[in-house]
Every structure is written in C-alpha cells, then in structure tokens.
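S.K.: Here you go, upload-v3.txt (compact mmCIF, C-alpha atoms):
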# COMPACT_ATOMS: atom_id res chain seq x y z
CA VAL A 1 3.51 -38.14 -23.26
CA PRO A 2 6.34 -40.69 -23.05
CA PRO A 3 8.41 -41.03 -26.23
CA VAL A 4 7.19 -44.58 -26.78
CA ARG A 5 3.63 -43.37 -27.30
CA GLY A 6 2.92 -40.56 -29.78
CA ASP A 7 6.54 -39.48 -30.25
CA GLY A 8 7.77 -43.05 -30.52
CA GLN A 9 5.23 -43.90 -33.19
CA ALA A 10 6.19 -40.77 -35.13
CA THR A 11 9.85 -41.78 -34.91
CA ARG A 12 9.03 -45.13 -36.48
CA LEU A 13 7.06 -43.56 -39.31
CA ASN A 14 9.71 -40.94 -40.02
CA ALA A 15 12.67 -43.31 -39.96
CA GLY A 16 13.19 -42.99 -43.73
CA GLY A 17 13.21 -39.20 -43.69
CA GLU A 18 9.57 -38.63 -44.62
CA ARG A 19 7.45 -36.05 -42.80
CA PHE A 20 4.68 -37.98 -41.07
CA GLY A 21 3.19 -37.00 -37.72
CA VAL A 22 1.30 -38.71 -34.91
CA VAL A 23 -1.42 -36.66 -33.26
CA ASN A 24 -2.28 -37.69 -29.69
CA GLN A 25 -5.74 -36.34 -28.88
CA GLY A 26 -6.25 -38.20 -25.62
CA ILE A 27 -7.64 -36.25 -22.66
CA SER A 28 -7.13 -37.62 -19.17
CA GLY A 29 -10.52 -38.61 -17.77
CA ASN A 30 -12.28 -38.29 -21.14
CA ARG A 31 -15.21 -40.50 -22.08
CA VAL A 32 -17.02 -41.68 -25.18
CA LEU A 33 -20.55 -40.80 -24.12
CA ASN A 34 -20.57 -37.98 -21.55
CA ASP A 35 -18.89 -34.62 -21.12
CA VAL A 36 -17.13 -33.69 -17.87
CA VAL A 37 -13.37 -33.81 -18.41
CA GLY A 38 -13.50 -32.19 -21.82
CA PRO A 39 -16.19 -32.84 -24.41
CA ALA A 40 -17.13 -36.47 -25.00
CA ALA A 41 -15.20 -38.31 -27.70
CA ARG A 42 -18.18 -38.76 -29.98
CA SER A 43 -18.70 -34.98 -30.07
CA ARG A 44 -15.03 -34.07 -30.66
CA PHE A 45 -13.84 -36.99 -32.79
CA GLU A 46 -14.55 -35.26 -36.10
CA ARG A 47 -12.64 -32.13 -35.11
CA ASP A 48 -9.79 -33.56 -33.06
CA ALA A 49 -8.96 -36.80 -34.90
CA LEU A 50 -10.56 -36.92 -38.33
CA GLY A 51 -9.97 -33.23 -38.97
CA ALA A 52 -6.18 -33.43 -38.52
CA SER A 53 -4.32 -32.29 -41.63
CA GLY A 54 -3.31 -35.21 -43.85
CA VAL A 55 -4.66 -37.88 -41.52
CA ALA A 56 -4.27 -41.42 -42.92
CA ALA A 57 -5.16 -43.66 -39.98
CA VAL A 58 -6.81 -43.48 -36.57
CA ILE A 59 -6.45 -45.59 -33.42
CA VAL A 60 -9.46 -45.61 -31.10
CA LEU A 61 -8.58 -46.36 -27.45
CA ILE A 62 -11.21 -44.93 -25.13
CA GLY A 63 -14.02 -46.13 -22.90
CA ILE A 64 -12.54 -47.13 -19.55
CA ASN A 65 -13.72 -43.90 -17.92
CA ASP A 66 -17.26 -44.47 -19.17
CA LEU A 67 -17.21 -47.62 -17.03
CA GLY A 68 -15.21 -46.45 -14.01
CA PHE A 69 -16.80 -43.03 -13.51
CA ALA A 70 -20.19 -44.65 -13.00
CA GLY A 71 -19.01 -45.49 -9.49
CA PHE A 72 -18.85 -41.78 -8.73
CA VAL A 73 -21.76 -40.58 -10.89
CA PRO A 74 -24.38 -43.36 -10.94
CA GLY A 75 -26.69 -41.22 -13.06
CA GLN A 76 -24.17 -41.47 -15.91
CA GLU A 77 -23.72 -45.24 -15.78
CA ALA A 78 -23.03 -46.62 -19.25
CA SER A 79 -24.28 -50.02 -20.31
CA VAL A 80 -22.18 -52.27 -22.53
CA GLU A 81 -24.66 -51.66 -25.34
CA GLN A 82 -24.42 -47.88 -25.00
CA LEU A 83 -20.61 -47.87 -24.91
CA THR A 84 -20.19 -50.24 -27.86
CA ALA A 85 -22.72 -48.21 -29.83
CA GLY A 86 -20.65 -45.09 -29.14
CA LEU A 87 -17.45 -46.83 -30.23
CA ALA A 88 -19.17 -48.16 -33.35
CA GLU A 89 -20.12 -44.57 -34.18
CA LEU A 90 -16.45 -43.53 -34.00
CA PHE A 91 -15.38 -46.45 -36.17
CA ALA A 92 -18.03 -45.63 -38.76
CA GLN A 93 -16.99 -41.98 -38.89
CA ALA A 94 -13.36 -42.94 -39.50
CA LYS A 95 -14.20 -45.55 -42.14
CA GLY A 96 -16.54 -43.05 -43.76
CA ARG A 97 -13.44 -40.92 -44.37
CA ASN A 98 -11.64 -43.95 -45.92
CA LEU A 99 -9.12 -43.93 -43.06
CA ARG A 100 -7.32 -47.02 -41.85
CA THR A 101 -9.07 -47.63 -38.53
CA TYR A 102 -7.71 -49.56 -35.53
CA ALA A 103 -9.77 -50.54 -32.49
CA ALA A 104 -7.88 -51.06 -29.21
CA THR A 105 -9.06 -53.11 -26.25
CA LEU A 106 -9.38 -51.53 -22.80
CA LEU A 107 -6.44 -52.11 -20.46
CA PRO A 108 -6.60 -54.19 -17.25
CA LEU A 109 -7.43 -52.16 -14.13
CA LYS A 110 -7.93 -54.57 -11.24
CA GLY A 111 -6.67 -52.95 -8.01
CA THR A 112 -7.72 -49.43 -9.00
CA ASN A 113 -9.45 -47.70 -6.10
CA ALA A 114 -13.15 -48.33 -5.56
CA PRO A 115 -15.69 -47.29 -6.66
CA TYR A 116 -13.88 -46.78 -9.98
CA TYR A 117 -13.09 -50.50 -10.06
CA SER A 118 -15.74 -53.03 -9.12
CA GLU A 119 -16.94 -56.46 -10.20
CA LEU A 120 -19.51 -54.74 -12.41
CA THR A 121 -16.84 -52.54 -14.01
CA GLU A 122 -14.78 -55.64 -14.77
CA GLN A 123 -17.75 -57.54 -16.22
CA LYS A 124 -18.50 -54.64 -18.53
CA ARG A 125 -14.85 -54.24 -19.56
CA GLN A 126 -14.68 -57.91 -20.48
CA ALA A 127 -17.86 -57.62 -22.54
CA VAL A 128 -16.67 -54.47 -24.32
CA ASN A 129 -13.30 -56.06 -25.11
CA ALA A 130 -14.99 -59.18 -26.47
CA TRP A 131 -17.06 -56.94 -28.73
CA ILE A 132 -13.99 -55.00 -29.87
CA ARG A 133 -12.13 -58.22 -30.71
CA SER A 134 -15.08 -59.35 -32.84
CA GLN A 135 -15.18 -56.20 -34.96
CA SER A 136 -15.01 -56.65 -38.71
CA ALA A 137 -15.85 -52.99 -39.34
CA VAL A 138 -12.26 -51.94 -38.53
CA ASP A 139 -9.00 -52.75 -40.29
CA ASP A 140 -7.38 -54.37 -37.26
CA VAL A 141 -7.66 -54.79 -33.50
CA ILE A 142 -4.79 -53.89 -31.16
CA ASP A 143 -5.15 -56.06 -28.07
CA PHE A 144 -3.69 -53.89 -25.33
CA ASP A 145 -5.62 -55.92 -22.73
CA GLN A 146 -3.62 -59.01 -23.64
CA ALA A 147 -0.34 -57.13 -24.02
CA MET A 148 -0.58 -55.39 -20.64
CA GLY A 149 -2.17 -58.08 -18.46
CA ASP A 150 -0.27 -59.79 -15.63
CA PRO A 151 0.20 -63.47 -16.58
CA ALA A 152 -0.42 -64.35 -12.92
CA ASP A 153 -3.61 -62.26 -12.80
CA PRO A 154 -4.81 -61.18 -16.27
CA LEU A 155 -7.41 -58.82 -14.79
CA ALA A 156 -4.57 -56.67 -13.42
CA MET A 157 -1.79 -54.79 -15.20
CA ARG A 158 1.66 -56.33 -15.09
CA PRO A 159 3.48 -54.87 -12.09
CA ASP A 160 6.47 -53.80 -14.18
CA TYR A 161 4.13 -51.89 -16.49
CA ASP A 162 2.06 -50.29 -13.73
CA SER A 163 2.59 -46.65 -12.72
CA GLY A 164 1.32 -47.53 -9.25
CA ASP A 165 -2.36 -46.65 -9.53
CA HIS A 166 -3.16 -49.92 -11.40
CA LEU A 167 -4.85 -47.91 -14.15
CA HIS A 168 -2.13 -45.96 -15.97
CA PRO A 169 1.09 -47.52 -17.36
CA GLN A 170 4.57 -46.26 -16.65
CA ASP A 171 7.25 -45.88 -19.33
CA ALA A 172 7.89 -49.62 -19.68
CA GLY A 173 4.16 -50.14 -20.07
CA TYR A 174 3.90 -47.53 -22.81
CA GLU A 175 6.83 -49.20 -24.54
CA ALA A 176 4.95 -52.51 -24.39
CA MET A 177 1.93 -50.79 -25.93
CA ALA A 178 4.11 -49.46 -28.76
CA ASN A 179 5.49 -52.96 -29.31
CA ALA A 180 1.96 -54.37 -29.42
CA MET A 181 1.29 -52.03 -32.34
CA GLU A 182 4.23 -53.23 -34.41
CA ARG A 183 2.14 -55.20 -36.91
CA GLU A 184 -0.23 -52.29 -37.38
CA THR A 185 2.70 -49.90 -37.80
CA ASP A 186 4.07 -52.10 -40.59
CA HIS A 187 0.70 -52.03 -42.33
CA LEU A 188 0.53 -48.27 -42.04
CA ILE A 189 4.06 -47.86 -43.37
CA ALA A 190 3.03 -49.94 -46.38
CA ILE A 191 0.34 -47.40 -47.11
CA LEU A 192 2.51 -44.35 -46.54
CA SER A 193 5.53 -45.76 -48.36
CA ARG A 194 3.55 -46.04 -51.60
CA GLU A 195 3.37 -42.25 -51.66
CA GLY A 196 7.03 -41.83 -50.66
CA GLY A 197 8.40 -44.11 -53.39
CA LYS A 198 10.12 -46.52 -50.97
CA THR A 199 9.72 -50.27 -50.90
CA LEU A 200 7.98 -51.81 -47.91
CA ASP A 201 11.14 -53.77 -46.99
CA ASP A 202 13.19 -50.55 -46.90
CA CYS A 203 10.64 -48.84 -44.67
CA ILE A 204 10.33 -51.77 -42.28
CA ALA A 205 14.12 -52.05 -41.93
CA GLU A 206 14.32 -48.37 -41.02
CA VAL A 207 11.47 -48.75 -38.54
CA ARG A 208 13.26 -51.59 -36.74
CA GLU A 209 16.23 -49.26 -36.17
CA ALA A 210 13.88 -46.54 -34.92
CA VAL A 211 12.32 -48.94 -32.40
CA ASP A 212 15.73 -49.50 -30.79
CA PHE A 213 16.22 -45.73 -30.71
CA CYS A 214 12.89 -45.26 -28.88
CA ARG A 215 13.69 -48.00 -26.38
CA TYR A 216 17.01 -46.37 -25.56
CA TYR A 217 15.37 -43.06 -24.71
CA ALA A 218 12.66 -44.70 -22.60
CA LEU A 219 15.24 -46.57 -20.55
CA ASP A 220 17.58 -43.59 -20.38
CA ALA A 221 14.80 -41.41 -18.93
CA GLU A 222 14.00 -44.03 -16.29
CA GLN A 223 17.65 -44.35 -15.25
CA LYS A 224 18.10 -40.60 -15.00
CA PHE A 225 14.97 -40.39 -12.88
CA ARG A 226 16.48 -42.90 -10.48
CA GLY A 227 19.80 -41.07 -10.43
CA LEU A 228 21.65 -43.84 -12.20
CA GLU A 229 24.27 -43.54 -14.87
CA ALA A 230 22.87 -42.86 -18.39
CA LEU A 231 22.92 -45.77 -20.80
CA PRO A 232 25.31 -45.61 -23.72
CA GLY A 233 23.51 -44.14 -26.73
CA PRO A 234 22.51 -46.03 -29.87
CA ALA A 235 25.27 -46.79 -32.30
CA GLY A 236 26.31 -43.71 -34.22
CA GLU A 237 24.83 -41.20 -31.77
Could I get this file's structure written as structure tokens?

M.R.:
Amino acid sequence: VPPVRGDGQATRLNAGGERFGVVNQGISGNRVLNDVVGPAARSRFERDALGASGVAAVIVLIGINDLGFAGFVPGQEASVEQLTAGLAELFAQAKGRNLRTYAATLLPLKGTNAPYYSELTEQKRQAVNAWIRSQSAVDDVIDFDQAMGDPADPLAMRPDYDSGDHLHPQDAGYEAMANAMERETDHLIAILSREGGKTLDDCIAEVREAVDFCRYYALDAEQKFRGLEALPGPAGE
C-alpha cells in the first residue's frame, strides 16, 4: 500500500504524537455482493472494519468489481439497485455503531480491458455514483470520481494518475486520493482531538506538516524507482 493511502492517513492523524491507526481492509478483486476473491464485503464488514479495536470512523470504497466482473461471470451480474442496497447495508451497519461514516464514489475506468469495461458498466457506475452523492445517511461523501477523472475525458482516469491498466492508480493517483480526503481528515481530527486534549487548530497545523512529509516520500519512491537522484528530505530530517 503506498504511503499516501493507509500509511499516509495514519501519518496525518498521528502528527501530534497521538496513537491513532488506519486499518486498510481492501482486498484486490473484492466485491460487495458476491464471494470469489475473498468473502464479499457485506459478509466481512462487521469483522474486518467495524470490529477493529478502537475504530472511530469508516470509509466505504467498494463496488467497481461488482460491475466489472459481470463481463466475465454473467450469472453474477449486479444491478444498480442490488449494489446500492448492498452499500446502504454497509452504511447502516457503520452508523448503527455510531461511527463517522464516509461514502466514496467509484473511480473512472474507461479504457480498462473488455469485458470488464463496457458501456453498460459505465452506465451503472454513473448511476451508483449519483446515488452515493445523494446519500444523507452518511456523514460525508468523498468524490474520488471527480478527483481522479481526466478533465479531457472524465470517464477515464487522469493519465498522470493511472498505473497503466486504467483501473488502478499509481503513487501520484493515491496522493490525489489522499488530498481529496483532506476535509474529511480535518473533521475526523476534530473528533479525535477532543479526546487528546488538543485544539482543532493545533491538530490541523500538525496535519498540514504531515501532508508535506507524505508527499516527499511518495515522490522520493518514484524517483528511486526511475533511478534518479533522491529528493532532499523535509526540513529537519
């Protein structure tokens, strides 16, 4: 997991010296409704996400495989109504635990190999994202679709964010996703800081410094991969 995803978010939350963690329970190829690559999200959500020790908030980003895998397994095709019902179930479980709950839109995937991507897949993704954006049952919506879309072709991922398969981001893309969560991170810090005795302004200032720290490591890793000279470290390192 790139540092700007789970590790990067943990760095932001721990900038003031507190001991908060970020648990990434994503499984590559996982779905909301059907088992195949691991158990379906709706059957493991209670154990893997809500059951984490000391959990305070949950981000739900899943569903693209429910749409794309139908091209390979037509018998498991998911309708928009079925997928949104499954997501609503996850949201309700999290809110039932009094957790701050964030719903995330599904990323652009135009250009992904057929039959994973098709006109029908895209129509369903658009409908699911419209439903997610309309949700009042969650605390906030993180619009990764908007953050990651190519301005020249919003149905596709920005080329500089694309890992090459048009479905998964590369490091710069994950950094953009972390940046898209900045408002939600501030809200979460407000909650956690009440227990830690810090003011919100103090926590946010420390988080801003941590963001620069995360960006340095993301760029440093990319440069090393390309055999370039390492960037100078953050001030004080």

S.K.: Show me, as a list in words, the residues that have an atom within 7 Å of region 83-95 of chain A when counting only C-alpha atoms, minus same-chain residues fewer than 2 positions from it.

M.R.: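 Non-adjacent residues within range: Val32, Leu33, Arg42, Leu50, Ala78, Ser79, Val80, Glu81, Arg97, Asn98, Leu99, Thr101, Val128 and Val138 of chain A.
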
S.K.: So that I can see what lies close to Lys110 (chain A), please list as a compact mmCIF listing (two decimals) with C-alpha atoms, keeping the file's coordinate frame the residues with an atom at most 7 Å from it, counting all atoms listed in the file and leaving out residues fewer than 3 positions away in the same chain.

M.R.:
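around_38.txt was written with the following content:
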# COMPACT_ATOMS: atom_id res chain seq x y z
CA TYR A 117 -13.09 -50.50 -10.06
CA LEU A 155 -7.41 -58.82 -14.79
CA ALA A 156 -4.57 -56.67 -13.42
CA HIS A 166 -3.16 -49.92 -11.40

S.K.: One decimal, Å: what's the distance from CA of Tyr116 (chain A) over to CA of Asp162 (chain A), could you say?

M.R.: 16.7 Å

S.K.: So the first atom is CA of Gly149 (chain A) and the second is CA of Gly38 (chain A); what is the distance between them in Å, to one decimal place?

M.R.: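 So the answer is 28.5 Å.
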
S.K.: Give the answer as one residue: which of A:Gly173, A:Arg31, A:Ser134, A:Gly96 has the shortest atom-to-atom distance to Glu46 (chain A), using only C-alpha atoms?

M.R.: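 That would be A:Gly96, the residue with the smallest distance to Glu46 (chain A).
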
S.K.: In Å, how far is it from CA of Tyr161 (chain A) to CA of Glu175 (chain A)?

M.R.: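 Going from CA of Tyr161 (chain A) over to CA of Glu175 (chain A), I get 8.9 Å.
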
S.K.: Measuring between only C-alpha atoms, which one of A:Leu167, A:Met177, A:Val36, A:Leu120 shows the shortest distance to Val73 (chain A)?

M.R.: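 Once distances to Val73 (chain A) are computed over only C-alpha atoms, the minimum belongs to A:Val36.
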
S.K.: Just checking: using only C-alpha atoms, which residue out of A:Leu109, A:Ile142, A:Leu67, A:Ala180 ends up closest to Ala127 (chain A)?

M.R.: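 Among the listed residues, the smallest separation from Ala127 (chain A) belongs to A:Leu67.
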
S.K.: Which is closer to Ala178 (chain A) than all the others in A:Asp48, A:Gln123, A:Ala147, A:Tyr102, using all atoms listed in the file?

M.R.: A:Ala147

S.K.: If the box runs along x, y and z of the file and leaves 6 Å on each side of region 122-133 of chain A, what are its centre and edge lengths in Å, one decimal, as JSON?

M.R.:
{"center_x": -15.3, "center_y": -56.7, "center_z": -22.7, "size_x": 18.4, "size_y": 16.9, "size_z": 27.9}

S.K.: Counting all atoms listed in the file, figure out which residue out of A:Glu77, A:Pro154, A:Val141, A:Arg133 gets nearest to Pro108 (chain A).

M.R.: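 Checking each of A:Glu77, A:Pro154, A:Val141, A:Arg133 against Pro108 (chain A), counting all atoms listed in the file, the winner is A:Pro154.
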
S.K.: Determine the nearest neighbour of Gly75 (chain A) from the options A:Asn34, A:Thr105, A:Thr112, A:Ser43, counting only C-alpha atoms.

M.R.: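 Counting only C-alpha atoms, the residue closest to Gly75 (chain A) is A:Asn34.
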